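One structure is given here, and the rest of the page talks about it.
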Amino acid sequence: ANATPKVILPRVQAHRGAKGVRPENTMASLREALVQGASWTEFDVKLSKDGIPVLYHDQDLKRTSGLDGLVKDYTFDELQAIEAGAWFAPSFKGEKIPSLEEVLQFHIDNGLHANIELKPSDGEEAATARAVVTLLNRVWPDDLAKPLFSSFKREALAVVRDLAPSFPRGLLLYDDTSDWQKHAASLNCTTIHLWHKMFTPELITEIKQLGYGIATYTVNDVDRAKELVAMGVESIITDFPKEMIEAIGI
Ligand code: G3P
Ligand code: MG
């Protein structure tokens, strides 16, 4: 069996960039995370119609662009023509849906760490993971720590495990934590990323005893974050990185 890749989790990860004050999953949001002092970002990746990995959270374009249709039905060039900032505030007009390649280059140039959430469109779980691994192999320098690959979709993490076993994997869980041990073991995961409402002291103890790192999303209340850190949670994914770093460190 392959050794489980190692990761040193930060205290704070900037959720979709600095989502609280910038349009999520845009270069503006990632730049702001850096300005706010974050050492790690989290963002969501899916494929355009022509197979280019881009940053986008939802399956469809409605919420942030008003357009009908699914992200996976637009080519990369078509996605580039979509306004991705004005929905958040008029001053962000002109922001685009970034390619993962541009975003990786930004992380490389600035020494930023990334939690790449594989958020495939339905039916594209394996293809999304393959495309992201291929891109990483092309652009990510050998001497930099690999990004962490997280996903709710075990099929996507299985592709990363099989194609790129040295890329660390994080198992994302929402409100169903059943069988998590089995899935984390079979995917050879390094970290477990839990919705913050699911934590119990018993679950944290169990995760730690089995040797996994623990991250949680999405926590914007600093008192709640301090409570979670005191319970043993290592890493807080937040929309407000500056305030969180001030409260619990980096
Ligand atoms: O990766 C943690 C968190 O981003 C998962 O939920 O919906 O914000 O992608 P979501
Ligand atoms: Mg996410």
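Each chain in the structure tokens gets a letter, A, B and so on, in the order shown; residues start at 1 in every chain, and ligands are counted from 1 in the order they appear.
Based on only C-alpha atoms and all ligand atoms, the protein and nucleic acid residues found within 9 Å of ligand 1 are, by chain and then by number, His15, Arg16, Glu42, Phe43, Asp44, His57, Asp58, Asn115, Ile116, Glu117, Leu118, Lys119, Ser150, Ser151, Phe152, Leu172, Leu173, Tyr174, His193, Leu194, Trp195, Ala215, Thr216, Tyr217, Thr218, Ile237 and Thr238 of chain A.
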Quiz item: Can you list, as a PyMOL selection string, every protein, DNA or RNA residue that comes within 12 Å of Glu83 (chain A) when you count only C-alpha atoms, leaving out same-chain residues fewer than 5 positions away?
Solution: chain A and resi 23+26+61-67+78+88-90+92-98
Practice problem: Fewer than 3 positions away in the same chain doesn't count, so skip those; otherwise give me all residues within 10 Å of Gly213 (chain A), counting only C-alpha atoms, as a list in words. | Solution: Lys6, Val7, Ile8, Leu9, Gly170, Cys189, Thr190, Thr191, Ile192, His193, Ile204, Ile207, Lys208, Leu210, Gly232, Val233, Glu234 and Ser235 of chain A
Quiz item: Got a sec: who's within 9 Å of region 221-225 of chain A, counting only C-alpha atoms, leaving out chain neighbours fewer than 5 positions off, as a PyMOL selection string?
Solution: chain A and resi 230+233+236+238+243-244+247-248
Just-selected residues, N, CA and C atoms written as a short mmCIF file (atom, residue, chain, number, x, y, z; two decimals), in the first residue's frame:
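Printed below is selection04.cif as written:
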data_model
loop_
_atom_site.label_atom_id
_atom_site.label_comp_id
_atom_site.auth_asym_id
_atom_site.auth_seq_id
_atom_site.Cartn_x
_atom_site.Cartn_y
_atom_site.Cartn_z
N ALA A 230 -10.58 24.41 20.86
CA ALA A 230 -10.38 23.85 22.21
C ALA A 230 -10.79 22.37 22.24
N VAL A 233 -10.22 20.59 17.08
CA VAL A 233 -10.28 20.83 15.64
C VAL A 233 -9.07 21.68 15.24
N ILE A 236 -9.99 25.81 10.59
CA ILE A 236 -11.31 26.43 10.44
C ILE A 236 -11.40 27.05 9.05
N THR A 238 -13.29 29.56 6.80
CA THR A 238 -14.11 30.72 7.14
C THR A 238 -14.21 31.72 5.99
N GLU A 243 -10.39 38.27 10.47
CA GLU A 243 -10.97 38.24 11.81
C GLU A 243 -10.65 36.90 12.50
N MET A 244 -10.71 35.83 11.73
CA MET A 244 -10.46 34.50 12.31
C MET A 244 -8.99 34.34 12.70
N ALA A 247 -8.29 35.98 15.85
CA ALA A 247 -8.86 35.30 17.01
C ALA A 247 -8.12 34.01 17.38
N ILE A 248 -7.69 33.23 16.38
CA ILE A 248 -7.16 31.89 16.71
C ILE A 248 -5.78 31.63 16.10
#
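Counting only C-alpha atoms and all ligand atoms and comparing A:Ala185, A:Ala14, A:Leu47, A:Leu112, the residue that lies closest to ligand 2 is A:Ala14.
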